[in-house]
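*Asks:* Got a structure here, written out as C-alpha cells. Questions coming.
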Amino acid sequence: MIVDCAHYRDGRRQHEGPMPLEEAAARCARGGFVWLGLFEPGPEELATVRESFGLHELAVEDAQAFHLRPKAERYEDGTELIILRTARYDDEREEVDCGEISVFLAEHFVITVRQGIASELTGARSRLERSPELLRTGSASTLWAILDQVVDSYAPVVAELERDIEQIEATVFSGAVAPTERIYFLRREATDFYRAVHPLLAVLARHLRPSRSAPELLPYFRDVHDHLLLVNEEVAAQRDLLATVLEANIAVISVEQNRINLRQTATMERLTIVATVFLPLSFVVGFFGQNFGWLVRHIDSLAAFVALNVGGLLLPCLLLYLWLHRRRGRPAPALPEAGNGVRRAPGSTAP
C-alpha cells in the first residue's frame with residue numbers, strides 16, 4: 001500500500017497530497033527527488049515499483065524478507081539499500097515488537113518499505129518538510145530523518161527493559177526466587193534488541209564520511225550516531241546485567257534447595273529416633289505375644305512380668321540414650337587449613 005508519494009525540489013514539496021506512481025517516476029527527471037512510502041506492499045506492487053524506478057532484482061527481494069540485523073548494500077547503478085530494524089515495547093504483553101524499514105536511496109528518489117511493527121514515518125516526513133535547508137541537500141536528508149526517528153524510538157524500549165530488569169533484580173537480591181523463565185525471556189528480548197541496534201552503527205558510520213554525505217548533513221548524522229552509541233552501550237549493559245541476575249537467581253535457588261534438604265534431613269532424623277524407640281517396644285510386645293508353653297508357665301508372678309517386660313523396655317532405651325549422648329559429644333572433624341595449596345602427608349610435620 002502506498003502511504004505517501006511526494007516530489008521535492010528547491011527545499012519544498014511541489015504538490016499537495018500523494019501522486020500516482022507513474023507520475024512520481026516521471027518527475028525523477030525534472031530535478032529534485034521523489035520520496036515514495038510503502039507499507040507491507042505485495043509482490044505485484046513491488047514488481048510495479050521495480051519496473052518504474054529501475055530497482056535491482058536482489059534489492060527488491062531483500063525488501064520482501066525480514067532480516068535479523070540492519071545492513072547496507074550498494075548496487076552498480078548507484079542505488080543503495082539500507083535495512084533498518086525498528087522496535088516498540090508492548091506494555092500489555094511486556095514484550096519488544098520488532099519491525100523493519102527498507103530504504104532505497106538514489107540521487108533522484110527515495111523509496112521506503114515498512115514491514116511489520118514499524119515506526120510511523122509521517123513524523124519524519126513532516127519534520128523534514130519544515131526544514132527547507134535540509135531538503136535542498138538532496139535525497140540523503142530523508143535518510144537522516146528516518147534514522148533520527150528510528151533511533152529516537154529506541155529510547156522508550158531501553159527504559160521499559162530497564163524497568164523490568166530492576167523488578168527482577170530487586171526480587172533476586174532480596175533473597176527471594178524469581179521466575180527463571182522470566183529472566184531467560186528478558187535476556188532473549190535484550191539480545192534481539194541488541195541485534196537491531198549494534199549493526200546499525202556500521203551502517204550509520206558509512207554516511208559520516210564527507211564523500212558520502214553533504215557537508216550540511218554531517219552534523220546531523222553525527223548527532224544520530226551519538227544517540228545510537230548511547231543506546232548500544234545501555235543495551236549491552238542490560239545483557240551483562242541479566243547474565244549476572246540469572247547466575248544470582250540460580251544461586252538463590254541452590255540455597256533454597258539446600259534449606260529444603262536440611263529440613264528433610266532433620267525430619268528424617270526425628271522419624272528415625274522415634275522408629276528406634278518403638279523398635280524394642282515392638283520386640284517386647286511380639287515376644288510376649290508368643291503362645292509358647294514355657295513362656296506361659298514361667299511368667300506366673302508380678303515380679304517375673306516386671307523383670308522381663310519392663311526390663312526389656314528400659315535396657316534398649318538406656319543403650320540408645322548412651323549411644324546418642326556419646327555421638328553428640330564427639331567433636332566435629334576439622335577442616336583443612338588454608339595455606340599455600342601444598343598438601344602434607346598424614347603424620348608429617350611442617351619444616
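Every chain in the C-alpha cells has a letter given in the order shown (A, B, ...), and although residue numbers restart at 1 in each chain, ligands are simply numbered from 1 in the order shown.
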May I have the residues within 12 Å of Tyr89 (chain A) as a ChimeraX atom specification, using only C-alpha atoms and disregarding those fewer than 4 positions away in the same chain?

*Replies:* /A:93-99,117-119,153-164,189-190,193

*Asks:* With region 137-144 of chain A as the partner and 12 Å as the cut-off, tabulate the residues of region 12-89 of chain A that qualify, each row holding the nearest pair of atoms and their distance in Å to one decimal, using only C-alpha atoms, sorted by chain and rising number, as CSV.

*Replies:*
residue,atom,partner,partner_atom,distance
A:Arg12,CA,A:Gly138,CA,11.2
A:Cys28,CA,A:Ser139,CA,11.4
A:Gly31,CA,A:Gly138,CA,10.0
A:Gly32,CA,A:Gly138,CA,6.8
A:Phe33,CA,A:Ser139,CA,6.2
A:Val34,CA,A:Ser139,CA,8.1
A:Trp35,CA,A:Thr142,CA,8.1
A:Leu36,CA,A:Thr142,CA,10.9
A:Gly37,CA,A:Thr142,CA,11.3
A:Thr79,CA,A:Ser139,CA,11.4
A:Glu80,CA,A:Ala140,CA,10.7
A:Leu81,CA,A:Leu143,CA,10.9
A:Ile82,CA,A:Leu143,CA,9.0
A:Ile83,CA,A:Leu143,CA,11.1
A:Leu84,CA,A:Leu143,CA,10.7

*Asks:* If you keep N, CA and C atoms, can you produce a file of those selected residues as an mmCIF file, in the first residue's frame?

*Replies:*
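Saved file result_9.cif follows:
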data_model
loop_
_atom_site.group_PDB
_atom_site.id
_atom_site.type_symbol
_atom_site.label_atom_id
_atom_site.label_comp_id
_atom_site.auth_asym_id
_atom_site.auth_seq_id
_atom_site.Cartn_x
_atom_site.Cartn_y
_atom_site.Cartn_z
ATOM 1 N N ARG A 12 11.289 22.345 -1.157
ATOM 2 C CA ARG A 12 9.849 22.400 -0.929
ATOM 3 C C ARG A 12 9.154 21.241 -1.629
ATOM 4 N N CYS A 28 11.119 12.158 -11.587
ATOM 5 C CA CYS A 28 12.511 11.971 -11.166
ATOM 6 C C CYS A 28 13.484 12.668 -12.119
ATOM 7 N N GLY A 31 14.466 17.092 -11.825
ATOM 8 C CA GLY A 31 15.240 17.716 -10.755
ATOM 9 C C GLY A 31 14.630 17.409 -9.401
ATOM 10 N N GLY A 32 15.442 17.564 -8.365
ATOM 11 C CA GLY A 32 14.975 17.221 -7.036
ATOM 12 C C GLY A 32 14.913 15.712 -6.850
ATOM 13 N N PHE A 33 14.033 15.270 -5.976
ATOM 14 C CA PHE A 33 13.894 13.824 -5.758
ATOM 15 C C PHE A 33 12.463 13.518 -5.344
ATOM 16 N N VAL A 34 12.093 12.252 -5.501
ATOM 17 C CA VAL A 34 10.764 11.744 -5.143
ATOM 18 C C VAL A 34 10.911 10.827 -3.943
ATOM 19 N N TRP A 35 10.036 10.998 -2.963
ATOM 20 C CA TRP A 35 10.003 10.120 -1.782
ATOM 21 C C TRP A 35 8.704 9.328 -1.837
ATOM 22 N N LEU A 36 8.851 8.018 -2.044
ATOM 23 C CA LEU A 36 7.711 7.103 -2.102
ATOM 24 C C LEU A 36 7.704 6.235 -0.845
ATOM 25 N N GLY A 37 6.597 6.261 -0.116
ATOM 26 C CA GLY A 37 6.475 5.475 1.113
ATOM 27 C C GLY A 37 5.484 4.341 0.941
ATOM 28 N N THR A 79 22.264 2.906 -6.685
ATOM 29 C CA THR A 79 21.205 2.803 -5.680
ATOM 30 C C THR A 79 21.728 2.062 -4.456
ATOM 31 N N GLU A 80 21.414 2.579 -3.287
ATOM 32 C CA GLU A 80 21.842 1.977 -2.024
ATOM 33 C C GLU A 80 20.617 1.473 -1.272
ATOM 34 N N LEU A 81 20.711 0.253 -0.775
ATOM 35 C CA LEU A 81 19.640 -0.332 0.028
ATOM 36 C C LEU A 81 20.088 -0.351 1.480
ATOM 37 N N ILE A 82 19.349 0.330 2.338
ATOM 38 C CA ILE A 82 19.627 0.354 3.783
ATOM 39 C C ILE A 82 18.453 -0.294 4.495
ATOM 40 N N ILE A 83 18.717 -1.325 5.273
ATOM 41 C CA ILE A 83 17.680 -2.031 6.016
ATOM 42 C C ILE A 83 17.830 -1.692 7.490
ATOM 43 N N LEU A 84 16.781 -1.177 8.093
ATOM 44 C CA LEU A 84 16.764 -0.768 9.492
ATOM 45 C C LEU A 84 15.798 -1.648 10.270
#

*Asks:* Considering only C-alpha atoms, return as a compact mmCIF listing (two decimals) with N, CA and C atoms, in the first residue's frame whatever protein or nucleic-acid residues lie within 8 Å of Val151 (chain A), sequence-local ones (same chain, fewer than 3 positions apart) excluded.

*Replies:*
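Final output, saved to part_15.txt:
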# COMPACT_ATOMS: atom_id res chain seq x y z
N LEU A 147 16.52 7.79 10.03
CA LEU A 147 17.42 7.28 11.07
C LEU A 147 17.18 7.97 12.40
N ASP A 148 16.97 9.27 12.36
CA ASP A 148 16.75 10.02 13.60
C ASP A 148 15.50 9.54 14.32
N TYR A 154 14.12 4.01 19.95
CA TYR A 154 14.79 3.01 20.79
C TYR A 154 14.79 3.39 22.27
N ALA A 155 14.79 4.69 22.57
CA ALA A 155 14.91 5.14 23.96
C ALA A 155 13.78 4.61 24.86
N VAL A 224 22.87 11.74 15.39
CA VAL A 224 22.19 10.44 15.43
C VAL A 224 23.16 9.34 15.87
N HIS A 227 23.60 9.40 19.67
CA HIS A 227 22.45 8.81 20.35
C HIS A 227 22.45 7.28 20.22
N LEU A 228 22.83 6.81 19.04
CA LEU A 228 22.87 5.36 18.83
C LEU A 228 23.96 4.71 19.67

*Asks:* Can you pull out every residue within 6 Å of Pro41 (chain A), counting only C-alpha atoms, but drop anything in the same chain fewer than 2 positions away, and send it as a PyMOL selection string?

*Replies:* chain A and resi 1+39+45

*Asks:* So the first atom is CA of Glu22 (chain A) and the second is CA of Thr112 (chain A); what is the distance between them in Å, to one decimal place?

*Replies:*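 So the answer is 16.8 Å.
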
*Asks:* So that I can see what lies close to Leu246 (chain A), please list as a list in words the residues with an atom at most 12 Å from it, counting only C-alpha atoms and leaving out residues fewer than 4 positions away in the same chain.

*Replies:*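 Near neighbours after the sequence-gap exclusion: Ile165, Ile168, Glu169, Thr171, Val172, Phe173, Val177, Ala178, Pro179, Thr180, Glu181, Arg182, Ile183, Tyr184, Phe185, Leu186, Arg187, Arg239, Asp240, Leu241, Leu242, Ile250, Ala251, Val252 and Ile253 of chain A.
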
*Asks:* Would you pick out the contacts of Ile273 (chain A) at 12 Å or less, using only C-alpha atoms, so that residues sharing its chain but fewer than 3 positions from it are not included, and give the list as a PyMOL selection string?

*Replies:* chain A and resi 266-270+276-279+317+320-321+323-324

*Asks:* Restricted to N, CA, C and O atoms, what would the selected residues look like written as a PDB file, in the first residue's frame?

*Replies:*
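So out13.pdb came out as:
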ATOM      1  N   ALA A 266      16.528 -33.259  58.815  1.00  0.00           N
ATOM      2  CA  ALA A 266      16.158 -33.174  60.233  1.00  0.00           C
ATOM      3  C   ALA A 266      14.888 -33.956  60.524  1.00  0.00           C
ATOM      4  O   ALA A 266      14.769 -34.634  61.563  1.00  0.00           O
ATOM      5  N   THR A 267      13.934 -33.879  59.617  1.00  0.00           N
ATOM      6  CA  THR A 267      12.685 -34.634  59.802  1.00  0.00           C
ATOM      7  C   THR A 267      12.943 -36.128  59.769  1.00  0.00           C
ATOM      8  O   THR A 267      12.393 -36.896  60.598  1.00  0.00           O
ATOM      9  N   MET A 268      13.766 -36.575  58.844  1.00  0.00           N
ATOM     10  CA  MET A 268      14.091 -37.997  58.771  1.00  0.00           C
ATOM     11  C   MET A 268      14.838 -38.451  60.019  1.00  0.00           C
ATOM     12  O   MET A 268      14.640 -39.584  60.499  1.00  0.00           O
ATOM     13  N   GLU A 269      15.692 -37.594  60.589  1.00  0.00           N
ATOM     14  CA  GLU A 269      16.401 -37.970  61.815  1.00  0.00           C
ATOM     15  C   GLU A 269      15.428 -38.157  62.982  1.00  0.00           C
ATOM     16  O   GLU A 269      15.558 -39.109  63.758  1.00  0.00           O
ATOM     17  N   ARG A 270      14.442 -37.246  63.083  1.00  0.00           N
ATOM     18  CA  ARG A 270      13.448 -37.392  64.154  1.00  0.00           C
ATOM     19  C   ARG A 270      12.628 -38.662  63.963  1.00  0.00           C
ATOM     20  O   ARG A 270      12.353 -39.390  64.938  1.00  0.00           O
ATOM     21  N   THR A 276      13.321 -45.942  66.205  1.00  0.00           N
ATOM     22  CA  THR A 276      14.253 -46.705  67.040  1.00  0.00           C
ATOM     23  C   THR A 276      13.691 -46.920  68.444  1.00  0.00           C
ATOM     24  O   THR A 276      13.899 -47.982  69.056  1.00  0.00           O
ATOM     25  N   VAL A 277      12.979 -45.923  68.976  1.00  0.00           N
ATOM     26  CA  VAL A 277      12.371 -46.071  70.310  1.00  0.00           C
ATOM     27  C   VAL A 277      11.283 -47.130  70.281  1.00  0.00           C
ATOM     28  O   VAL A 277      11.151 -47.958  71.207  1.00  0.00           O
ATOM     29  N   PHE A 278      10.506 -47.140  69.229  1.00  0.00           N
ATOM     30  CA  PHE A 278       9.396 -48.092  69.174  1.00  0.00           C
ATOM     31  C   PHE A 278       9.839 -49.489  68.746  1.00  0.00           C
ATOM     32  O   PHE A 278       9.070 -50.436  68.862  1.00  0.00           O
ATOM     33  N   LEU A 279      11.078 -49.629  68.282  1.00  0.00           N
ATOM     34  CA  LEU A 279      11.559 -50.948  67.871  1.00  0.00           C
ATOM     35  C   LEU A 279      11.615 -51.925  69.032  1.00  0.00           C
ATOM     36  O   LEU A 279      11.088 -53.062  68.918  1.00  0.00           O
ATOM     37  N   CYS A 317      16.258 -48.723  75.680  1.00  0.00           N
ATOM     38  CA  CYS A 317      16.183 -47.263  75.744  1.00  0.00           C
ATOM     39  C   CYS A 317      17.443 -46.681  76.377  1.00  0.00           C
ATOM     40  O   CYS A 317      17.948 -45.637  75.941  1.00  0.00           O
ATOM     41  N   LEU A 320      20.221 -46.868  73.841  1.00  0.00           N
ATOM     42  CA  LEU A 320      20.035 -45.853  72.815  1.00  0.00           C
ATOM     43  C   LEU A 320      20.409 -44.470  73.336  1.00  0.00           C
ATOM     44  O   LEU A 320      21.041 -43.679  72.625  1.00  0.00           O
ATOM     45  N   TYR A 321      20.077 -44.152  74.560  1.00  0.00           N
ATOM     46  CA  TYR A 321      20.418 -42.854  75.141  1.00  0.00           C
ATOM     47  C   TYR A 321      21.933 -42.691  75.253  1.00  0.00           C
ATOM     48  O   TYR A 321      22.483 -41.633  74.919  1.00  0.00           O
ATOM     49  N   TRP A 323      24.192 -44.133  73.474  1.00  0.00           N
ATOM     50  CA  TRP A 323      24.786 -44.024  72.128  1.00  0.00           C
ATOM     51  C   TRP A 323      24.592 -42.618  71.566  1.00  0.00           C
ATOM     52  O   TRP A 323      25.511 -42.031  70.996  1.00  0.00           O
ATOM     53  N   LEU A 324      23.393 -42.050  71.732  1.00  0.00           N
ATOM     54  CA  LEU A 324      23.131 -40.695  71.243  1.00  0.00           C
ATOM     55  C   LEU A 324      23.944 -39.660  72.012  1.00  0.00           C
ATOM     56  O   LEU A 324      24.443 -38.685  71.434  1.00  0.00           O
TER      57      LEU A 324
END

*Asks:* At a cut-off of 12 Å, using only C-alpha atoms, what residues contact Ser126 (chain A)? Leave out same-chain residues fewer than 6 positions from it and give the result as an mmCIF file with C-alpha atoms, in the first residue's frame.

*Replies:*
data_model
loop_
_atom_site.group_PDB
_atom_site.id
_atom_site.type_symbol
_atom_site.label_atom_id
_atom_site.label_comp_id
_atom_site.auth_asym_id
_atom_site.auth_seq_id
_atom_site.Cartn_x
_atom_site.Cartn_y
_atom_site.Cartn_z
ATOM 1 C CA ASP A 4 2.549 8.851 0.604
ATOM 2 C CA ALA A 6 5.848 13.402 -2.965
ATOM 3 C CA ARG A 12 9.849 22.400 -0.929
ATOM 4 C CA ARG A 13 7.143 19.905 -1.724
ATOM 5 C CA GLU A 120 5.448 5.738 11.572
ATOM 6 C CA PRO A 132 13.925 23.519 3.638
ATOM 7 C CA LEU A 135 15.682 19.261 1.819
ATOM 8 C CA THR A 142 15.407 11.712 4.059
ATOM 9 C CA ALA A 145 15.143 11.974 9.088
ATOM 10 C CA ILE A 146 14.336 8.243 9.045
ATOM 11 C CA GLN A 149 13.194 8.837 14.198
#

*Asks:* Apply DSSP to the backbone of this structure and, from region 87-148 of chain A, keep only the residues in alpha helix (DSSP H); write these as a PyMOL selection string.

*Replies:* chain A and resi 122-129+132-135+140-148

*Asks:* Got time to write the residues from that selection, C-alpha atoms, as a tab-separated table (two decimals), in the first residue's frame?

*Replies:*
chain	number	residue	atom	x	y	z
A	122	THR	CA	4.82	10.56	8.88
A	123	GLY	CA	6.57	12.48	11.64
A	124	ALA	CA	9.93	12.19	9.88
A	125	ARG	CA	8.45	13.46	6.62
A	126	SER	CA	6.69	16.39	8.32
A	127	ARG	CA	9.83	17.34	10.24
A	128	LEU	CA	11.92	17.31	7.08
A	129	GLU	CA	9.36	19.38	5.18
A	132	PRO	CA	13.92	23.52	3.64
A	133	GLU	CA	17.66	23.94	4.16
A	134	LEU	CA	17.98	20.19	4.71
A	135	LEU	CA	15.68	19.26	1.82
A	140	ALA	CA	20.22	11.88	1.73
A	141	SER	CA	18.27	14.21	4.01
A	142	THR	CA	15.41	11.71	4.06
A	143	LEU	CA	17.78	9.03	5.31
A	144	TRP	CA	18.80	11.30	8.19
A	145	ALA	CA	15.14	11.97	9.09
A	146	ILE	CA	14.34	8.24	9.05
A	147	LEU	CA	17.42	7.28	11.07
A	148	ASP	CA	16.75	10.02	13.60

*Asks:* Using Å and a single decimal, report how far CA of Thr86 (chain A) sits from CA of Val150 (chain A).

*Replies:*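 Taking CA of Val150 (chain A) as the start and CA of Thr86 (chain A) as the end point, the length is 6.2 Å.
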
*Asks:* Can you tell me, as a ChimeraX atom specification, which residues in region 100-326 of chain A count as strand (DSSP E) by DSSP?

*Replies:* /A:100-105,109-116

*Asks:* Please write the residues from the selection above to a file, keeping C-alpha atoms, as a PDB file, in the first residue's frame.

*Replies:*
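This went into part_23.pdb:
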ATOM      1  CA  GLU A 100      11.742  -3.388   9.506  1.00  0.00           C
ATOM      2  CA  ILE A 101      12.224  -0.446   7.157  1.00  0.00           C
ATOM      3  CA  SER A 102      13.939  -0.916   3.801  1.00  0.00           C
ATOM      4  CA  VAL A 103      15.214   2.326   2.261  1.00  0.00           C
ATOM      5  CA  PHE A 104      16.105   2.510  -1.450  1.00  0.00           C
ATOM      6  CA  LEU A 105      18.296   5.598  -1.673  1.00  0.00           C
ATOM      7  CA  PHE A 109      14.336   9.066  -5.498  1.00  0.00           C
ATOM      8  CA  VAL A 110      13.876   7.520  -2.066  1.00  0.00           C
ATOM      9  CA  ILE A 111      11.611   4.502  -1.573  1.00  0.00           C
ATOM     10  CA  THR A 112      10.783   3.300   1.944  1.00  0.00           C
ATOM     11  CA  VAL A 113       9.181  -0.102   2.510  1.00  0.00           C
ATOM     12  CA  ARG A 114       7.869  -0.811   6.012  1.00  0.00           C
ATOM     13  CA  GLN A 115       7.247  -4.369   7.210  1.00  0.00           C
ATOM     14  CA  GLY A 116       5.661  -5.479  10.483  1.00  0.00           C
TER      15      GLY A 116
END

*Asks:* Could you state the separation of CA of Glu233 (chain A) and CA of Arg88 (chain A) in Å, given to one decimal place?

*Replies:* 18.5 Å
